[in-house]
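Coordinates from entry.cif are shown below (mmCIF, C-alpha atoms).
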data_input
#
loop_
_atom_site.label_atom_id
_atom_site.label_comp_id
_atom_site.auth_asym_id
_atom_site.auth_seq_id
_atom_site.Cartn_x
_atom_site.Cartn_y
_atom_site.Cartn_z
CA MET D 38 103.47 71.48 83.46
CA ASP D 39 103.10 69.50 80.25
CA TRP D 40 99.76 69.32 78.50
CA HIS D 41 97.87 66.22 79.46
CA PRO D 42 97.95 63.59 76.68
CA GLU D 43 94.14 63.64 76.46
CA ASP D 44 94.21 67.43 75.98
CA ILE D 45 96.66 67.01 73.11
CA LYS D 46 94.47 64.35 71.49
CA ALA D 47 91.39 66.53 71.97
CA ALA D 48 93.12 69.52 70.38
CA ILE D 49 94.07 67.37 67.38
CA ARG D 50 90.51 66.03 67.10
CA LYS D 51 89.08 69.57 67.34
CA ARG D 52 91.12 70.42 64.26
CA GLY D 53 89.53 67.51 62.41
CA CYS D 54 92.35 65.00 62.57
CA THR D 55 93.45 61.92 64.54
CA LEU D 56 96.83 60.75 65.78
CA THR D 57 96.78 58.03 63.14
CA ALA D 58 96.06 60.44 60.30
CA LEU D 59 98.61 62.93 61.60
CA GLY D 60 101.31 60.27 61.67
CA ARG D 61 100.48 59.12 58.15
CA GLU D 62 100.41 62.68 56.80
CA ARG D 63 103.81 63.46 58.35
CA GLY D 64 105.40 60.11 57.50
CA ILE D 65 105.90 59.20 61.15
CA ASP D 66 105.01 55.79 62.55
CA VAL D 67 101.65 56.08 64.30
CA ARG D 68 103.06 54.37 67.39
CA LEU D 69 105.72 57.08 67.70
CA ILE D 70 103.09 59.81 67.49
CA SER D 71 101.18 58.12 70.31
CA LEU D 72 104.30 57.54 72.40
CA ALA D 73 105.27 61.20 72.08
CA LEU D 74 102.25 62.07 74.20
CA SER D 75 104.04 60.54 77.19
CA TYR D 76 107.69 60.09 76.20
CA PRO D 77 110.16 62.34 74.34
CA HIS D 78 110.38 61.90 70.57
CA LYS D 79 111.64 64.94 68.70
CA ALA D 80 110.09 64.30 65.26
CA ALA D 81 106.69 63.31 66.64
CA GLU D 82 106.63 66.28 69.02
CA ALA D 83 107.48 68.59 66.12
CA ALA D 84 104.68 67.10 63.98
CA ILE D 85 102.12 67.55 66.75
CA ALA D 86 103.28 71.07 67.60
CA THR D 87 103.29 72.16 63.96
CA PHE D 88 99.83 70.71 63.37
CA LEU D 89 98.46 72.49 66.45
CA SER D 90 100.35 75.72 65.67
CA VAL D 91 101.68 75.74 69.23
CA PRO D 92 105.42 75.73 69.98
CA ALA D 93 106.58 72.37 71.34
CA HIS D 94 108.12 74.02 74.40
CA LEU D 95 104.65 75.24 75.44
CA ILE D 96 103.12 71.77 75.06
CA TRP D 97 106.00 69.93 76.79
CA PRO D 98 107.89 72.36 79.05
CA SER D 99 109.53 69.42 80.82
CA ARG D 100 111.26 68.53 77.53
CA TYR D 101 112.32 72.01 76.43
CA PHE D 102 113.88 75.13 77.88
CA ALA D 103 111.84 78.35 77.88
CA ASP D 104 113.72 79.57 74.79
CA GLY D 105 112.44 76.54 72.85
CA SER D 106 115.71 74.62 72.78
CA ARG D 107 115.45 70.94 73.59
CA LYS D 108 116.79 69.61 76.88
CA ARG D 109 119.70 67.26 76.20
CA PRO D 110 119.81 64.76 77.68
CA GLN D 111 116.17 64.52 78.62
CA PRO D 112 115.45 64.43 82.35
CA VAL D 113 115.08 60.87 83.63
CA GLU D 114 111.54 61.55 84.82
CA ASN D 115 110.47 62.03 81.18
CA TYR D 116 111.05 58.31 80.64
CA VAL D 117 109.37 57.04 83.79
CA ARG D 118 105.87 55.70 83.33
CA LYS D 119 103.51 57.97 85.20
CA PRO D 120 101.03 56.24 87.51
CA ARG D 121 97.44 56.28 86.40
CA ALA D 122 94.67 57.27 88.74
CA ILE D 123 92.87 54.31 90.21
CA VAL D 124 89.13 54.66 90.37
CA THR D 125 87.47 52.65 93.05
CA GLY D 126 83.86 52.46 93.96
CA ALA D 127 81.84 50.87 96.65
CA VAL D 128 80.24 47.63 95.63
CA ALA D 129 76.68 47.32 96.86
#
Show me this structure written as structure tokens.
Amino acid sequence: MDWHPEDIKAAIRKRGCTLTALGRERGIDVRLISLALSYPHKAAEAAIATFLSVPAHLIWPSRYFADGSRKRPQPVENYVRKPRAIVTGAVA
């Protein structure tokens, strides 16, 4: 299972950086860095993985084979927006 996008952001913050700063440092559009948390983007994934010192195939196993090679073409489900949890509460 892929790392949750919030876990990736937290790991980057714990190392003293932000997605915005990471994108600027690596010369990658900030929007692409953010999109890579949920959708495949090779350069942005590589920048995040390198920064975290974790192989990309361990962060996004749905996008890579176990040997680290990239799945081509990407599985369709990697491009489908994942539903967000809906929080409901009783109104008093």
query: What lies within 10 Å of D:Ile45 using all atoms listed in the file, ignoring chain neighbours under 3 positions off, as a list in words?
result: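 The neighbour list is Asp39, Trp40, His41, Pro42, Ala48, Ile49, Arg50, Lys51, Leu56, Leu74, Ile85, Ala86, Leu89 and Ile96 of chain D.
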field: Resolved residues for the PyMOL selection byres ((chain D and resi 103-116) around 10) as a count of residues only
entry: 16
- prompt: Do you have the atom CA of D:Trp97-atom CA of D:Gly60 distance handy?
  reply: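 A separation of 18.5 Å between them.
Take the candidates D:Ser71, D:Met38, D:Ala80, D:Ser90 and check each one against D:Thr57 using only C-alpha atoms; the shortest distance goes to D:Ser71.
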message: Could you list, as JSON, numbers by chain, every residue matched by the PyMOL selection byres ((chain D and resi 65) around 12) in this structure?
response: {"D": [56, 57, 58, 59, 60, 61, 62, 63, 64, 66, 67, 68, 69, 70, 71, 72, 73, 78, 79, 80, 81, 82, 83, 84, 85]}
Output C-alpha atoms for every residue in that selection, as a PDB file, in the frame of the given file.
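File produced: part-v3.pdb:
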ATOM      1  CA  LEU D  56      96.830  60.750  65.780  1.00  0.00           C
ATOM      2  CA  THR D  57      96.780  58.030  63.140  1.00  0.00           C
ATOM      3  CA  ALA D  58      96.060  60.440  60.300  1.00  0.00           C
ATOM      4  CA  LEU D  59      98.610  62.930  61.600  1.00  0.00           C
ATOM      5  CA  GLY D  60     101.310  60.270  61.670  1.00  0.00           C
ATOM      6  CA  ARG D  61     100.480  59.120  58.150  1.00  0.00           C
ATOM      7  CA  GLU D  62     100.410  62.680  56.800  1.00  0.00           C
ATOM      8  CA  ARG D  63     103.810  63.460  58.350  1.00  0.00           C
ATOM      9  CA  GLY D  64     105.400  60.110  57.500  1.00  0.00           C
ATOM     10  CA  ASP D  66     105.010  55.790  62.550  1.00  0.00           C
ATOM     11  CA  VAL D  67     101.650  56.080  64.300  1.00  0.00           C
ATOM     12  CA  ARG D  68     103.060  54.370  67.390  1.00  0.00           C
ATOM     13  CA  LEU D  69     105.720  57.080  67.700  1.00  0.00           C
ATOM     14  CA  ILE D  70     103.090  59.810  67.490  1.00  0.00           C
ATOM     15  CA  SER D  71     101.180  58.120  70.310  1.00  0.00           C
ATOM     16  CA  LEU D  72     104.300  57.540  72.400  1.00  0.00           C
ATOM     17  CA  ALA D  73     105.270  61.200  72.080  1.00  0.00           C
ATOM     18  CA  HIS D  78     110.380  61.900  70.570  1.00  0.00           C
ATOM     19  CA  LYS D  79     111.640  64.940  68.700  1.00  0.00           C
ATOM     20  CA  ALA D  80     110.090  64.300  65.260  1.00  0.00           C
ATOM     21  CA  ALA D  81     106.690  63.310  66.640  1.00  0.00           C
ATOM     22  CA  GLU D  82     106.630  66.280  69.020  1.00  0.00           C
ATOM     23  CA  ALA D  83     107.480  68.590  66.120  1.00  0.00           C
ATOM     24  CA  ALA D  84     104.680  67.100  63.980  1.00  0.00           C
ATOM     25  CA  ILE D  85     102.120  67.550  66.750  1.00  0.00           C
TER      26      ILE D  85
END
